[in-house]
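Content type PDB, C-alpha atoms, from the file my_file-v9.pdb:
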ATOM      1  CA  MET I  15      26.000   1.367   6.090  1.00  0.00           C
ATOM      2  CA  ALA I  16      25.291   4.066   8.660  1.00  0.00           C
ATOM      3  CA  ALA I  17      21.814   4.476  10.097  1.00  0.00           C
ATOM      4  CA  PRO I  18      19.978   7.605   8.873  1.00  0.00           C
ATOM      5  CA  ASP I  19      19.941  10.519  11.329  1.00  0.00           C
ATOM      6  CA  ILE I  20      16.411  11.944  11.447  1.00  0.00           C
ATOM      7  CA  SER I  21      16.747  13.800  14.758  1.00  0.00           C
ATOM      8  CA  ASN I  22      17.164  17.185  13.051  1.00  0.00           C
ATOM      9  CA  LEU I  23      15.070  16.420   9.997  1.00  0.00           C
ATOM     10  CA  ASP I  24      13.369  19.441   8.403  1.00  0.00           C
ATOM     11  CA  LEU I  25      10.324  18.095   6.560  1.00  0.00           C
ATOM     12  CA  HIS I  26       9.988  21.281   4.514  1.00  0.00           C
ATOM     13  CA  ALA I  27      13.516  20.762   3.203  1.00  0.00           C
ATOM     14  CA  LEU I  28      12.437  17.405   1.773  1.00  0.00           C
ATOM     15  CA  ALA I  29      10.180  19.263  -0.670  1.00  0.00           C
ATOM     16  CA  ASN I  30      13.372  19.840  -2.650  1.00  0.00           C
ATOM     17  CA  PRO I  31      13.771  16.785  -4.943  1.00  0.00           C
ATOM     18  CA  LEU I  32      17.555  16.653  -4.553  1.00  0.00           C
ATOM     19  CA  ARG I  33      17.403  16.768  -0.743  1.00  0.00           C
ATOM     20  CA  PHE I  34      14.627  14.200  -0.756  1.00  0.00           C
ATOM     21  CA  THR I  35      16.659  11.905  -2.996  1.00  0.00           C
ATOM     22  CA  ARG I  36      19.684  12.093  -0.712  1.00  0.00           C
ATOM     23  CA  PHE I  37      17.563  11.321   2.349  1.00  0.00           C
ATOM     24  CA  ALA I  38      15.659   8.520   0.591  1.00  0.00           C
ATOM     25  CA  THR I  39      18.899   6.961  -0.673  1.00  0.00           C
ATOM     26  CA  VAL I  40      20.044   6.496   2.920  1.00  0.00           C
ATOM     27  CA  LEU I  41      16.666   5.448   4.318  1.00  0.00           C
ATOM     28  CA  THR I  42      15.525   3.017   1.594  1.00  0.00           C
ATOM     29  CA  PRO I  43      17.906   0.095   2.277  1.00  0.00           C
ATOM     30  CA  TRP I  44      17.150   0.277   5.996  1.00  0.00           C
ATOM     31  CA  LEU I  45      13.410   0.094   5.357  1.00  0.00           C
ATOM     32  CA  LEU I  46      13.819  -2.838   2.970  1.00  0.00           C
ATOM     33  CA  LEU I  47      16.128  -4.727   5.333  1.00  0.00           C
ATOM     34  CA  LEU I  48      13.846  -4.134   8.318  1.00  0.00           C
ATOM     35  CA  GLY I  49      10.859  -5.145   6.224  1.00  0.00           C
ATOM     36  CA  LEU I  50      12.420  -8.393   5.076  1.00  0.00           C
ATOM     37  CA  GLY I  51      13.643  -9.154   8.593  1.00  0.00           C
ATOM     38  CA  CYS I  52      10.295  -8.548  10.294  1.00  0.00           C
ATOM     39  CA  LEU I  53       8.366 -10.327   7.546  1.00  0.00           C
ATOM     40  CA  GLY I  54      10.738 -13.287   7.635  1.00  0.00           C
ATOM     41  CA  ALA I  55      10.483 -13.569  11.410  1.00  0.00           C
ATOM     42  CA  GLY I  56       6.702 -13.258  11.302  1.00  0.00           C
ATOM     43  CA  LEU I  57       6.297 -15.881   8.583  1.00  0.00           C
ATOM     44  CA  VAL I  58       8.642 -18.361  10.268  1.00  0.00           C
ATOM     45  CA  GLN I  59       6.705 -18.047  13.514  1.00  0.00           C
ATOM     46  CA  GLY I  60       3.339 -18.025  11.788  1.00  0.00           C
ATOM     47  CA  LEU I  61       3.940 -20.893   9.386  1.00  0.00           C
ATOM     48  CA  PHE I  62       5.944 -23.232  11.611  1.00  0.00           C
ATOM     49  CA  LEU I  63       5.607 -22.283  15.290  1.00  0.00           C
ATOM     50  CA  ALA I  64       2.143 -20.794  15.819  1.00  0.00           C
ATOM     51  CA  PRO I  65      -0.694 -23.215  16.602  1.00  0.00           C
ATOM     52  CA  PRO I  66      -3.354 -23.994  13.969  1.00  0.00           C
ATOM     53  CA  ASP I  67      -6.805 -22.502  14.362  1.00  0.00           C
ATOM     54  CA  TYR I  68      -9.266 -24.675  16.261  1.00  0.00           C
ATOM     55  CA  LEU I  69     -11.855 -24.315  13.470  1.00  0.00           C
ATOM     56  CA  GLN I  70      -9.917 -23.660  10.238  1.00  0.00           C
ATOM     57  CA  GLY I  71      -6.868 -25.740  11.031  1.00  0.00           C
ATOM     58  CA  GLU I  72      -3.654 -25.183   9.064  1.00  0.00           C
ATOM     59  CA  VAL I  73      -5.291 -23.105   6.319  1.00  0.00           C
ATOM     60  CA  VAL I  74      -5.517 -20.157   8.718  1.00  0.00           C
ATOM     61  CA  ARG I  75      -1.770 -19.596   8.325  1.00  0.00           C
ATOM     62  CA  ILE I  76      -2.429 -17.612   5.150  1.00  0.00           C
ATOM     63  CA  LEU I  77      -3.638 -14.783   7.402  1.00  0.00           C
ATOM     64  CA  TYR I  78       0.013 -13.792   8.021  1.00  0.00           C
ATOM     65  CA  VAL I  79       0.129 -12.572   4.409  1.00  0.00           C
ATOM     66  CA  HIS I  80      -3.517 -11.848   3.658  1.00  0.00           C
ATOM     67  CA  VAL I  81      -4.315  -9.553   6.583  1.00  0.00           C
ATOM     68  CA  PRO I  82      -1.214  -7.270   6.414  1.00  0.00           C
ATOM     69  CA  SER I  83      -1.556  -6.914   2.638  1.00  0.00           C
ATOM     70  CA  ALA I  84      -5.181  -5.834   3.132  1.00  0.00           C
ATOM     71  CA  TRP I  85      -4.263  -3.329   5.854  1.00  0.00           C
ATOM     72  CA  PHE I  86      -1.626  -1.583   3.784  1.00  0.00           C
ATOM     73  CA  ALA I  87      -3.564  -1.727   0.541  1.00  0.00           C
ATOM     74  CA  LEU I  88      -6.127   0.433   2.364  1.00  0.00           C
ATOM     75  CA  GLY I  89      -3.506   2.544   4.131  1.00  0.00           C
ATOM     76  CA  GLY I  90      -1.609   3.074   0.901  1.00  0.00           C
ATOM     77  CA  TYR I  91      -4.720   4.309  -0.856  1.00  0.00           C
ATOM     78  CA  LEU I  92      -5.409   6.784   1.932  1.00  0.00           C
ATOM     79  CA  GLY I  93      -1.808   8.014   1.688  1.00  0.00           C
ATOM     80  CA  MET I  94      -2.156   8.350  -2.087  1.00  0.00           C
ATOM     81  CA  ALA I  95      -5.359  10.381  -1.685  1.00  0.00           C
ATOM     82  CA  ILE I  96      -3.669  12.709   0.807  1.00  0.00           C
ATOM     83  CA  ALA I  97      -0.771  13.187  -1.610  1.00  0.00           C
ATOM     84  CA  ALA I  98      -3.245  13.899  -4.413  1.00  0.00           C
ATOM     85  CA  LEU I  99      -4.952  16.523  -2.244  1.00  0.00           C
ATOM     86  CA  ALA I 100      -1.593  18.143  -1.493  1.00  0.00           C
ATOM     87  CA  ALA I 101      -0.778  18.208  -5.201  1.00  0.00           C
ATOM     88  CA  LEU I 102      -4.111  19.730  -6.213  1.00  0.00           C
ATOM     89  CA  VAL I 103      -4.515  22.269  -3.395  1.00  0.00           C
ATOM     90  CA  TRP I 104      -1.027  23.165  -2.166  1.00  0.00           C
ATOM     91  CA  ARG I 105       0.985  22.322  -5.300  1.00  0.00           C
ATOM     92  CA  HIS I 106       3.536  20.442  -3.220  1.00  0.00           C
ATOM     93  CA  PRO I 107       6.440  19.683  -5.576  1.00  0.00           C
ATOM     94  CA  LEU I 108       6.701  16.001  -4.643  1.00  0.00           C
ATOM     95  CA  ALA I 109       3.029  15.253  -4.004  1.00  0.00           C
ATOM     96  CA  ALA I 110       2.173  14.359  -7.601  1.00  0.00           C
ATOM     97  CA  LEU I 111       5.217  12.094  -7.747  1.00  0.00           C
ATOM     98  CA  SER I 112       4.000  10.449  -4.532  1.00  0.00           C
ATOM     99  CA  VAL I 113       0.699   9.587  -6.202  1.00  0.00           C
ATOM    100  CA  ARG I 114       2.577   7.966  -9.077  1.00  0.00           C
ATOM    101  CA  ALA I 115       4.895   6.154  -6.676  1.00  0.00           C
ATOM    102  CA  ILE I 116       2.234   4.780  -4.336  1.00  0.00           C
ATOM    103  CA  ALA I 117      -0.276   3.602  -6.954  1.00  0.00           C
ATOM    104  CA  PRO I 118       1.565   0.521  -8.319  1.00  0.00           C
ATOM    105  CA  VAL I 119       2.797  -0.531  -4.870  1.00  0.00           C
ATOM    106  CA  GLY I 120      -0.722  -0.259  -3.453  1.00  0.00           C
ATOM    107  CA  ALA I 121      -2.129  -2.146  -6.439  1.00  0.00           C
ATOM    108  CA  MET I 122       0.371  -4.957  -5.811  1.00  0.00           C
ATOM    109  CA  PHE I 123      -0.654  -5.194  -2.148  1.00  0.00           C
ATOM    110  CA  ALA I 124      -4.354  -5.202  -3.118  1.00  0.00           C
ATOM    111  CA  ALA I 125      -3.679  -7.977  -5.637  1.00  0.00           C
ATOM    112  CA  ILE I 126      -1.862 -10.033  -2.982  1.00  0.00           C
ATOM    113  CA  CYS I 127      -4.858  -9.552  -0.681  1.00  0.00           C
ATOM    114  CA  LEU I 128      -7.325 -10.695  -3.337  1.00  0.00           C
ATOM    115  CA  VAL I 129      -5.290 -13.728  -4.406  1.00  0.00           C
ATOM    116  CA  THR I 130      -4.547 -14.928  -0.878  1.00  0.00           C
ATOM    117  CA  GLY I 131      -8.154 -14.296   0.107  1.00  0.00           C
ATOM    118  CA  SER I 132      -9.357 -16.514  -2.743  1.00  0.00           C
ATOM    119  CA  ILE I 133      -6.896 -19.243  -1.766  1.00  0.00           C
ATOM    120  CA  TRP I 134      -8.105 -18.980   1.834  1.00  0.00           C
ATOM    121  CA  GLY I 135     -11.757 -18.936   0.802  1.00  0.00           C
ATOM    122  CA  ARG I 136     -11.665 -22.122  -1.281  1.00  0.00           C
ATOM    123  CA  PRO I 137     -11.212 -24.587   1.623  1.00  0.00           C
ATOM    124  CA  THR I 138     -13.033 -22.359   4.134  1.00  0.00           C
ATOM    125  CA  TRP I 139     -16.150 -21.386   2.167  1.00  0.00           C
ATOM    126  CA  GLY I 140     -16.022 -23.987  -0.590  1.00  0.00           C
ATOM    127  CA  THR I 141     -15.606 -21.350  -3.316  1.00  0.00           C
ATOM    128  CA  TRP I 142     -12.858 -19.147  -4.709  1.00  0.00           C
ATOM    129  CA  TRP I 143     -15.033 -16.034  -4.829  1.00  0.00           C
ATOM    130  CA  VAL I 144     -18.348 -14.610  -3.642  1.00  0.00           C
ATOM    131  CA  TRP I 145     -19.788 -11.232  -4.569  1.00  0.00           C
ATOM    132  CA  ASP I 146     -20.287 -10.031  -1.022  1.00  0.00           C
ATOM    133  CA  GLY I 147     -19.594  -6.579   0.382  1.00  0.00           C
ATOM    134  CA  ARG I 148     -16.033  -7.111   1.600  1.00  0.00           C
ATOM    135  CA  LEU I 149     -14.682  -8.952  -1.442  1.00  0.00           C
ATOM    136  CA  THR I 150     -16.429  -6.734  -3.975  1.00  0.00           C
ATOM    137  CA  SER I 151     -15.296  -3.489  -2.312  1.00  0.00           C
ATOM    138  CA  MET I 152     -11.738  -4.835  -2.080  1.00  0.00           C
ATOM    139  CA  LEU I 153     -11.833  -5.631  -5.799  1.00  0.00           C
ATOM    140  CA  MET I 154     -13.036  -2.061  -6.368  1.00  0.00           C
ATOM    141  CA  LEU I 155     -10.002  -0.794  -4.442  1.00  0.00           C
ATOM    142  CA  PHE I 156      -7.708  -2.732  -6.778  1.00  0.00           C
ATOM    143  CA  LEU I 157      -9.541  -1.312  -9.814  1.00  0.00           C
ATOM    144  CA  LEU I 158      -9.268   2.221  -8.391  1.00  0.00           C
ATOM    145  CA  TYR I 159      -5.510   1.780  -8.102  1.00  0.00           C
ATOM    146  CA  LEU I 160      -5.405   0.606 -11.728  1.00  0.00           C
ATOM    147  CA  GLY I 161      -7.556   3.582 -12.743  1.00  0.00           C
ATOM    148  CA  VAL I 162      -5.111   6.028 -11.146  1.00  0.00           C
ATOM    149  CA  ILE I 163      -2.187   4.319 -12.906  1.00  0.00           C
ATOM    150  CA  ALA I 164      -4.028   4.384 -16.236  1.00  0.00           C
ATOM    151  CA  LEU I 165      -4.927   8.079 -15.993  1.00  0.00           C
ATOM    152  CA  VAL I 166      -1.322   9.000 -15.209  1.00  0.00           C
ATOM    153  CA  HIS I 167       0.114   7.092 -18.164  1.00  0.00           C
ATOM    154  CA  LEU I 168      -2.561   7.159 -20.854  1.00  0.00           C
ATOM    155  CA  HIS I 169      -3.334  10.889 -21.021  1.00  0.00           C
ATOM    156  CA  GLU I 170      -1.301  12.785 -23.616  1.00  0.00           C
ATOM    157  CA  ASP I 171      -0.937  15.818 -21.331  1.00  0.00           C
ATOM    158  CA  ARG I 172       0.871  14.434 -18.267  1.00  0.00           C
ATOM    159  CA  ALA I 173      -0.099  17.345 -16.022  1.00  0.00           C
ATOM    160  CA  ARG I 174      -3.771  16.919 -16.906  1.00  0.00           C
ATOM    161  CA  GLY I 175      -3.487  13.154 -16.469  1.00  0.00           C
ATOM    162  CA  LEU I 176      -1.990  13.623 -13.006  1.00  0.00           C
ATOM    163  CA  LYS I 177      -4.789  16.023 -12.071  1.00  0.00           C
ATOM    164  CA  MET I 178      -7.457  13.569 -13.222  1.00  0.00           C
ATOM    165  CA  ALA I 179      -5.694  10.740 -11.383  1.00  0.00           C
ATOM    166  CA  GLY I 180      -5.633  12.900  -8.266  1.00  0.00           C
ATOM    167  CA  TYR I 181      -9.378  13.514  -8.463  1.00  0.00           C
ATOM    168  CA  LEU I 182     -10.006   9.786  -8.837  1.00  0.00           C
ATOM    169  CA  ALA I 183      -7.738   9.026  -5.863  1.00  0.00           C
ATOM    170  CA  ILE I 184      -9.633  11.495  -3.665  1.00  0.00           C
ATOM    171  CA  VAL I 185     -13.114  10.413  -4.776  1.00  0.00           C
ATOM    172  CA  GLY I 186     -12.124   6.766  -4.349  1.00  0.00           C
ATOM    173  CA  THR I 187     -11.634   7.203  -0.605  1.00  0.00           C
ATOM    174  CA  ILE I 188     -15.387   6.729  -0.242  1.00  0.00           C
ATOM    175  CA  ASN I 189     -14.646   3.037  -0.796  1.00  0.00           C
ATOM    176  CA  LEU I 190     -12.397   2.772   2.279  1.00  0.00           C
ATOM    177  CA  PRO I 191     -15.138   2.899   4.954  1.00  0.00           C
ATOM    178  CA  ILE I 192     -17.217   0.555   2.780  1.00  0.00           C
ATOM    179  CA  ILE I 193     -14.391  -2.002   2.939  1.00  0.00           C
ATOM    180  CA  LYS I 194     -13.930  -1.455   6.672  1.00  0.00           C
ATOM    181  CA  PHE I 195     -17.586  -1.736   7.705  1.00  0.00           C
ATOM    182  CA  SER I 196     -18.933  -4.040   4.989  1.00  0.00           C
ATOM    183  CA  VAL I 197     -18.922  -7.060   7.316  1.00  0.00           C
ATOM    184  CA  GLU I 198     -21.105  -5.096   9.766  1.00  0.00           C
ATOM    185  CA  TRP I 199     -23.446  -3.470   7.248  1.00  0.00           C
ATOM    186  CA  TRP I 200     -24.281  -6.570   5.168  1.00  0.00           C
ATOM    187  CA  ASN I 201     -24.550 -10.324   5.511  1.00  0.00           C
ATOM    188  CA  THR I 202     -21.235 -11.774   4.378  1.00  0.00           C
ATOM    189  CA  LEU I 203     -19.174 -14.928   4.471  1.00  0.00           C
ATOM    190  CA  HIS I 204     -16.167 -12.853   5.481  1.00  0.00           C
ATOM    191  CA  GLN I 205     -15.467 -12.955   9.193  1.00  0.00           C
ATOM    192  CA  PRO I 206     -15.653  -9.691  11.204  1.00  0.00           C
ATOM    193  CA  ALA I 207     -12.538  -7.912  12.434  1.00  0.00           C
ATOM    194  CA  SER I 208     -10.545  -9.858  15.030  1.00  0.00           C
ATOM    195  CA  ILE I 209      -8.411  -6.865  16.059  1.00  0.00           C
ATOM    196  CA  ARG I 210     -10.169  -3.784  17.419  1.00  0.00           C
ATOM    197  CA  VAL I 211      -9.234  -0.767  19.509  1.00  0.00           C
ATOM    198  CA  SER I 212     -10.756  -2.537  22.499  1.00  0.00           C
ATOM    199  CA  GLY I 213      -8.559  -5.593  22.052  1.00  0.00           C
ATOM    200  CA  SER I 214      -7.970  -8.726  19.992  1.00  0.00           C
ATOM    201  CA  SER I 215      -9.705 -12.083  19.848  1.00  0.00           C
ATOM    202  CA  ILE I 216      -6.628 -13.716  18.275  1.00  0.00           C
ATOM    203  CA  HIS I 217      -4.554 -16.018  20.450  1.00  0.00           C
ATOM    204  CA  PRO I 218      -1.279 -14.303  21.515  1.00  0.00           C
ATOM    205  CA  GLU I 219       0.802 -17.039  19.870  1.00  0.00           C
ATOM    206  CA  MET I 220      -0.889 -16.167  16.575  1.00  0.00           C
ATOM    207  CA  LEU I 221      -1.126 -12.407  17.164  1.00  0.00           C
ATOM    208  CA  THR I 222       2.636 -11.910  17.661  1.00  0.00           C
ATOM    209  CA  PRO I 223       3.686 -13.285  14.234  1.00  0.00           C
ATOM    210  CA  LEU I 224       0.776 -11.445  12.617  1.00  0.00           C
ATOM    211  CA  LEU I 225       1.977  -8.115  14.008  1.00  0.00           C
ATOM    212  CA  LEU I 226       5.565  -8.935  13.006  1.00  0.00           C
ATOM    213  CA  SER I 227       4.411  -9.677   9.460  1.00  0.00           C
ATOM    214  CA  ALA I 228       2.367  -6.473   9.433  1.00  0.00           C
ATOM    215  CA  LEU I 229       5.410  -4.477  10.520  1.00  0.00           C
ATOM    216  CA  GLY I 230       7.398  -6.110   7.740  1.00  0.00           C
ATOM    217  CA  PHE I 231       4.735  -5.240   5.178  1.00  0.00           C
ATOM    218  CA  LEU I 232       4.721  -1.642   6.425  1.00  0.00           C
ATOM    219  CA  PHE I 233       8.495  -1.249   6.076  1.00  0.00           C
ATOM    220  CA  LEU I 234       8.460  -2.911   2.652  1.00  0.00           C
ATOM    221  CA  PHE I 235       5.611  -0.699   1.452  1.00  0.00           C
ATOM    222  CA  ALA I 236       7.484   2.432   2.544  1.00  0.00           C
ATOM    223  CA  GLY I 237      10.771   1.180   1.073  1.00  0.00           C
ATOM    224  CA  LEU I 238       9.214   0.320  -2.288  1.00  0.00           C
ATOM    225  CA  VAL I 239       7.503   3.719  -2.464  1.00  0.00           C
ATOM    226  CA  LEU I 240      10.845   5.436  -1.823  1.00  0.00           C
ATOM    227  CA  VAL I 241      12.452   3.353  -4.574  1.00  0.00           C
ATOM    228  CA  ARG I 242       9.697   4.462  -6.926  1.00  0.00           C
ATOM    229  CA  MET I 243      10.056   8.104  -5.825  1.00  0.00           C
ATOM    230  CA  ARG I 244      13.795   8.087  -6.486  1.00  0.00           C
ATOM    231  CA  THR I 245      13.240   6.512  -9.907  1.00  0.00           C
ATOM    232  CA  LEU I 246      10.601   9.069 -10.879  1.00  0.00           C
ATOM    233  CA  ILE I 247      12.753  11.982  -9.724  1.00  0.00           C
ATOM    234  CA  ALA I 248      15.676  10.622 -11.761  1.00  0.00           C
ATOM    235  CA  GLU I 249      13.435  10.236 -14.825  1.00  0.00           C
ATOM    236  CA  GLN I 250      12.156  13.787 -14.360  1.00  0.00           C
ATOM    237  CA  ARG I 251      15.697  15.161 -14.194  1.00  0.00           C
ATOM    238  CA  LEU I 252      16.668  13.249 -17.357  1.00  0.00           C
ATOM    239  CA  GLU I 253      13.622  14.611 -19.191  1.00  0.00           C
ATOM    240  CA  MET I 254      14.496  18.163 -18.150  1.00  0.00           C
ATOM    241  CA  ARG I 255      18.079  17.734 -19.363  1.00  0.00           C
ATOM    242  CA  ALA I 256      16.833  16.354 -22.680  1.00  0.00           C
ATOM    243  CA  LEU I 257      14.522  19.346 -23.098  1.00  0.00           C
ATOM    244  CA  ARG I 258      17.345  21.809 -22.343  1.00  0.00           C
ATOM    245  CA  ARG I 259      19.637  20.093 -24.854  1.00  0.00           C
ATOM    246  CA  ALA I 260      16.896  20.155 -27.468  1.00  0.00           C
ATOM    247  CA  ALA I 261      16.335  23.862 -26.802  1.00  0.00           C
ATOM    248  CA  ARG I 262      20.046  24.616 -27.208  1.00  0.00           C
ATOM    249  CA  ALA I 263      20.240  22.539 -30.379  1.00  0.00           C
ATOM    250  CA  GLY I 264      17.210  24.361 -31.790  1.00  0.00           C
TER
END

Show the structure stored in the file as structure tokens.
Amino acid sequence: MAAPDISNLDLHALANPLRFTRFATVLTPWLLLLGLGCLGAGLVQGLFLAPPDYLQGEVVRILYVHVPSAWFALGGYLGMAIAALAALVWRHPLAALSVRAIAPVGAMFAAICLVTGSIWGRPTWGTWWVWDGRLTSMLMLFLLYLGVIALVHLHEDRARGLKMAGYLAIVGTINLPIIKFSVEWWNTLHQPASIRVSGSSIHPEMLTPLLLSALGFLFLFAGLVLVRMRTLIAEQRLEMRALRRAARAG
């Protein structure tokens, strides 16, 4: 399998679904392989080689899944909102498909974040769930993803459903800064950010596997979105062929 050549990539050319599909077909397996490799390396280091936390002990090892899933649940939603804006304003031919492709992947990452957070919270806080700012706003993010998915699939007029889903995706971005700053705005059991622009308070032996896991989650998120995009484009082409055959038969 040859590595994809992106040195002369024309991004405008990728607006064509067929060109995009050819490019994504080459890029997808590389993203998935890199994602699995980085995630595997990060989890092996994090689960077996990194030291336990001096306060939380061994339970802290869940951060190697919980934190990256949270990062890219938020990042995925922002990407979905940007795609929705491009679909509504600039009528980009693949933007609406991007919204449909990102939504279930982002919802899965948000669900992983919520589940692992509850598992982490039980021994740390003594409860599976508290209705504080960070947890509640993260649950809202998951529900916003589900709302976008529902609007796309439940509306009889697909174009109208996509437009409504796009509006929800854009409006829902107001929740992103709430998630980010909730631990600073309100009293919460959730710990504040350990990684900032100014530096990190995480021990290097724990930070390295965390960043490896995060890189793996990033590659996997991108790879899964491309898989979804290719599937949706193929479904769209099949629907168009069916309509043309029906028109000829009529």

For stretch 130-145 of chain I, what centre and edge lengths in Å (one decimal) does the axis-aligned box get once 8 Å is added on each side of all its listed atoms, as lines of an AutoDock Vina configuration file?
center_x = -12.2
center_y = -17.9
center_z = -0.3
size_x = 31.2
size_y = 29.4
size_z = 25.0

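Take atom CA of I:Asp146 and atom CA of I:Val197: the distance between them is 9.0 Å.
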
Spatial neighbours of stretch 67-79 of chain I, 8 Å, only C-alpha atoms, chain gap at least 3 places, as a PyMOL selection string: chain I and resi 56-57+60-61+82-83+127+130+134+137-138+223-224+227-228

Taking C-alpha atoms for each residue, export the selection above as a PDB file, in the frame of the given file.
ATOM      1  CA  GLY I  56       6.702 -13.258  11.302  1.00  0.00           C
ATOM      2  CA  LEU I  57       6.297 -15.881   8.583  1.00  0.00           C
ATOM      3  CA  GLY I  60       3.339 -18.025  11.788  1.00  0.00           C
ATOM      4  CA  LEU I  61       3.940 -20.893   9.386  1.00  0.00           C
ATOM      5  CA  PRO I  82      -1.214  -7.270   6.414  1.00  0.00           C
ATOM      6  CA  SER I  83      -1.556  -6.914   2.638  1.00  0.00           C
ATOM      7  CA  CYS I 127      -4.858  -9.552  -0.681  1.00  0.00           C
ATOM      8  CA  THR I 130      -4.547 -14.928  -0.878  1.00  0.00           C
ATOM      9  CA  TRP I 134      -8.105 -18.980   1.834  1.00  0.00           C
ATOM     10  CA  PRO I 137     -11.212 -24.587   1.623  1.00  0.00           C
ATOM     11  CA  THR I 138     -13.033 -22.359   4.134  1.00  0.00           C
ATOM     12  CA  PRO I 223       3.686 -13.285  14.234  1.00  0.00           C
ATOM     13  CA  LEU I 224       0.776 -11.445  12.617  1.00  0.00           C
ATOM     14  CA  SER I 227       4.411  -9.677   9.460  1.00  0.00           C
ATOM     15  CA  ALA I 228       2.367  -6.473   9.433  1.00  0.00           C
TER      16      ALA I 228
END

Using all atoms listed in the file: which of I:Val239, I:Trp143, I:Leu53, I:Arg174 has the shortest distance to I:Met94: I:Val239

Ground truth for the PyMOL selection byres ((chain I and resi 50) around 12), written as a PyMOL selection string: chain I and resi 43-49+51-58+226-235+237-238
